[in-house]
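Printed here is final.tsv (TSV, C-alpha atoms):
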chain	number	residue	atom	x	y	z
W	155	MET	CA	108.16	-37.58	0.54
W	156	PHE	CA	107.16	-34.01	1.40
W	157	LEU	CA	107.84	-32.83	-2.15
W	158	GLN	CA	105.63	-35.57	-3.60
W	159	LEU	CA	102.85	-34.66	-1.20
W	160	LYS	CA	103.22	-31.00	-2.15
W	161	ALA	CA	103.15	-31.94	-5.85
W	162	ARG	CA	99.98	-34.02	-5.37
W	163	ALA	CA	98.25	-31.22	-3.48
W	164	GLY	CA	99.24	-28.68	-6.14
W	165	TYR	CA	98.02	-31.01	-8.89
W	166	TRP	CA	94.72	-31.59	-7.11
W	167	LEU	CA	94.17	-27.83	-6.79
W	168	ALA	CA	95.23	-27.21	-10.40
W	169	ARG	CA	92.72	-29.77	-11.69
W	170	ARG	CA	89.96	-27.93	-9.78
W	171	LEU	CA	91.05	-24.49	-10.98
W	172	PHE	CA	91.32	-25.76	-14.57
W	173	HIS	CA	87.51	-25.61	-14.76
W	174	TRP	CA	87.42	-21.91	-13.85
W	175	PRO	CA	87.69	-20.08	-17.20
W	176	TRP	CA	88.63	-16.74	-15.67
W	177	PHE	CA	91.66	-18.35	-13.96
W	178	VAL	CA	92.77	-20.22	-17.08
W	179	ARG	CA	92.68	-17.03	-19.16
W	180	GLN	CA	95.10	-15.27	-16.80
W	181	PRO	CA	98.69	-15.75	-18.09
W	182	ARG	CA	100.13	-16.18	-14.59
W	183	GLY	CA	97.33	-18.57	-13.66
W	184	TRP	CA	97.84	-20.67	-16.78
W	185	ARG	CA	101.62	-20.84	-16.23
W	186	TRP	CA	101.02	-22.04	-12.67
W	187	LEU	CA	98.54	-24.68	-13.85
W	188	GLU	CA	100.94	-25.93	-16.51
W	189	GLY	CA	103.70	-26.16	-13.93
W	190	GLN	CA	101.56	-28.32	-11.67
W	191	PHE	CA	100.47	-30.57	-14.54
W	192	ALA	CA	104.04	-30.93	-15.81
W	193	ARG	CA	105.41	-31.69	-12.34
W	194	MET	CA	102.98	-34.56	-11.75
W	195	ALA	CA	103.48	-35.91	-15.27
W	196	ASN	CA	107.25	-35.89	-14.77
W	197	LEU	CA	106.84	-37.72	-11.46
W	198	GLY	CA	105.28	-40.57	-13.44
W	199	ASP	CA	101.62	-40.17	-12.50
W	200	VAL	CA	99.74	-41.92	-15.33
W	201	GLY	CA	96.61	-39.81	-14.96
W	202	ALA	CA	98.63	-36.60	-15.08
W	203	GLN	CA	100.57	-37.83	-18.12
W	204	SER	CA	97.31	-38.55	-19.92
W	205	PHE	CA	95.66	-35.27	-18.90
W	206	TYR	CA	98.63	-33.01	-19.64
W	207	GLY	CA	99.46	-34.99	-22.78
W	208	HIS	CA	95.97	-34.32	-24.13
W	209	ILE	CA	96.29	-30.61	-23.34
W	210	LEU	CA	99.66	-30.30	-25.07
W	211	THR	CA	98.69	-32.42	-28.06
W	212	PHE	CA	95.45	-30.67	-28.86
W	213	ARG	CA	95.90	-27.18	-27.36
W	214	GLY	CA	99.68	-26.79	-27.21
W	215	VAL	CA	101.32	-23.95	-29.05
W	216	GLY	CA	104.04	-25.05	-31.46
W	217	LEU	CA	105.41	-28.33	-32.71
W	218	GLY	CA	107.49	-28.93	-29.59
W	219	ALA	CA	104.45	-28.79	-27.32
W	220	ARG	CA	102.54	-31.19	-29.54
W	221	GLU	CA	105.45	-33.63	-29.72
W	222	GLU	CA	105.79	-33.53	-25.92
W	223	GLY	CA	102.06	-34.15	-25.63
W	224	VAL	CA	102.29	-37.23	-27.84
W	225	ARG	CA	105.26	-38.46	-25.79
W	226	LEU	CA	103.28	-38.11	-22.56
W	227	LEU	CA	100.29	-39.83	-24.13
W	228	ARG	CA	102.51	-42.74	-25.20
W	229	LEU	CA	103.86	-43.11	-21.66
W	230	ALA	CA	100.34	-43.13	-20.22
W	231	ALA	CA	99.14	-45.55	-22.90
W	232	LEU	CA	101.95	-48.00	-22.24
W	233	ALA	CA	101.04	-47.83	-18.54
W	234	GLY	CA	97.49	-48.92	-19.42
W	235	ASP	CA	95.50	-45.69	-19.72
W	236	GLY	CA	92.72	-46.44	-22.22
W	237	LYS	CA	91.96	-42.87	-23.29
W	238	ALA	CA	95.62	-42.13	-23.95
W	239	ALA	CA	96.05	-45.42	-25.84
W	240	TYR	CA	93.07	-44.62	-28.05
W	241	GLN	CA	94.43	-41.17	-28.89
W	242	VAL	CA	97.91	-42.52	-29.63
W	243	GLY	CA	96.28	-44.99	-32.02
W	244	VAL	CA	94.46	-42.17	-33.80
W	245	ILE	CA	97.65	-40.11	-33.97
W	246	SER	CA	99.66	-43.10	-35.21
W	247	LEU	CA	97.19	-43.77	-38.01
W	248	ALA	CA	97.17	-40.10	-39.06
W	249	GLY	CA	100.91	-39.54	-38.63
W	250	THR	CA	102.69	-36.53	-37.19
W	251	ALA	CA	105.10	-33.94	-38.52
W	252	SER	CA	108.04	-36.12	-37.53
W	253	LYS	CA	106.55	-39.59	-38.13
W	254	ALA	CA	104.74	-41.21	-41.05
W	255	PRO	CA	101.36	-42.92	-40.55
W	256	ASP	CA	101.78	-46.37	-38.99
W	257	PRO	CA	98.68	-48.62	-39.00
W	258	VAL	CA	100.53	-51.40	-37.16
W	259	GLU	CA	101.29	-49.09	-34.25
W	260	ALA	CA	97.70	-47.81	-34.32
W	261	VAL	CA	96.41	-51.38	-33.96
W	262	ARG	CA	98.82	-52.03	-31.09
W	263	PHE	CA	97.60	-49.01	-29.14
W	264	TRP	CA	93.92	-49.62	-29.94
W	265	GLU	CA	94.33	-53.16	-28.57
W	266	ILE	CA	95.71	-51.66	-25.35
W	267	ALA	CA	92.76	-49.25	-25.26
W	268	ALA	CA	90.25	-52.05	-25.88
W	269	LYS	CA	91.75	-54.08	-23.02
W	270	ALA	CA	91.40	-51.00	-20.80
W	271	GLY	CA	87.72	-50.78	-21.76
W	272	HIS	CA	87.71	-47.82	-24.15
W	273	PRO	CA	84.41	-48.04	-26.07
W	274	LEU	CA	85.66	-46.70	-29.43
W	275	ALA	CA	88.84	-48.78	-29.63
W	276	ALA	CA	87.05	-51.97	-30.67
W	277	ILE	CA	85.12	-50.04	-33.33
W	278	LYS	CA	88.35	-48.59	-34.74
W	279	LEU	CA	89.93	-52.06	-34.82
W	280	GLN	CA	86.94	-53.43	-36.74
W	281	GLU	CA	87.00	-50.49	-39.18
W	282	LEU	CA	90.71	-50.98	-39.83
W	283	ALA	CA	90.30	-54.74	-40.30
W	284	SER	CA	87.39	-54.29	-42.71
W	285	ARG	CA	89.32	-51.64	-44.66
W	286	GLU	CA	92.27	-54.04	-45.06
W	287	THR	CA	90.02	-56.89	-46.25
W	288	ASP	CA	88.48	-54.55	-48.85
W	289	LEU	CA	91.92	-53.86	-50.33
Please re-express this file's structure in structure tokens.
Amino acid sequence: MFLQLKARAGYWLARRLFHWPWFVRQPRGWRWLEGQFARMANLGDVGAQSFYGHILTFRGVGLGAREEGVRLLRLAALAGDGKAAYQVGVISLAGTASKAPDPVEAVRFWEIAAKAGHPLAAIKLQELASRETDL
């Protein structure tokens, strides 16, 4: 119980400090922030999985970081996070280094995102449906 409370407090502080560019540019500061984000994501917090997954996917250094980011985004998407579901749909349609493009999976995640209220998910579903009818 105490460790979860400490993790939540550290995550709350890290999210505030994330918006201070001078802190983020410091190597020790960035390592501390990443530790807080990773801890909350590993504890199963959906918001932290989505947030840290986005950071790793789009700003991570190396293939391993990007793959971990996609994994975290998938976990958050399956838990109902609309932003994460939308991004997983985009990634699924484009493909990754280890996975070929999969339009069926993209539709599945965009449907999750649309149910969660993501404004672009319905547009992407319509675009994909119209593209398939044109073929």
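Atom CA of Ser204 of chain W to atom CA of Gly183 of chain W spans 20.9 Å [interatomic distance, one decimal].
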Arg262 of chain W proximity check over W:Lys160, W:Arg228, W:Arg220, W:Arg169, using only C-alpha atoms: winner is W:Arg228
Near-segment 252-260 of chain W list (10 Å; only C-alpha atoms; drop same-chain fewer than 6 positions) as a ChimeraX atom specification = /W:217,221,239-246,266,278-279,282
Distance atom CA of Gln158 of chain W-atom CA of Val200 of chain W, one decimal place?
->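 Calculated distance between atom CA of Gln158 of chain W and atom CA of Val200 of chain W is 14.6 Å.
With distances taken over all atoms listed in the file, W:Ala238 is the one residue among W:Ala192, W:Leu171, W:Ala161, W:Ala238 lying closest to His208 of chain W.
Each of W:Trp166, W:Gly201, W:Pro273, W:Thr250 was compared to Val224 of chain W using all atoms listed in the file, and W:Thr250 turns out to be the nearest.
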Closest of W:Lys269, W:Arg225, W:Lys237, W:Arg285 to Ala195 of chain W - atom-to-atom distances counting all atoms listed in the file |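 Under the stated criterion, the closest residue is W:Arg225.
With all atoms listed in the file as the basis for measurement, W:Ala230 is the residue among W:Ala230, W:Ala168, W:Val178, W:Leu187 that approaches Asp199 of chain W most closely.
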From the list W:Ala283, W:Met194, W:Ala270, W:Ala275, the nearest residue to Leu232 of chain W using all atoms listed in the file is W:Ala270
What separation in Å, quoted to one decimal, exists between atom CA of Glu222 of chain W and atom CA of Phe156 of chain W?
->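 It comes out at 27.4 Å.
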Could the centre and edge lengths of an axis-aligned box, enclosing all atoms of segment 218-230 of chain W in the file with 5 Å extra on each side, be given in Å to one decimal as JSON?
{"center_x": 103.9, "center_y": -36.0, "center_z": -25.0, "size_x": 17.2, "size_y": 24.3, "size_z": 19.5}
Near Leu210 of chain W, within 8 Å and counting all atoms listed in the file, which residues show up once chain neighbours fewer than 3 positions away are dropped, as a PyMOL selection string?
-> chain W and resi 206-207+213-215+219-220+222-224
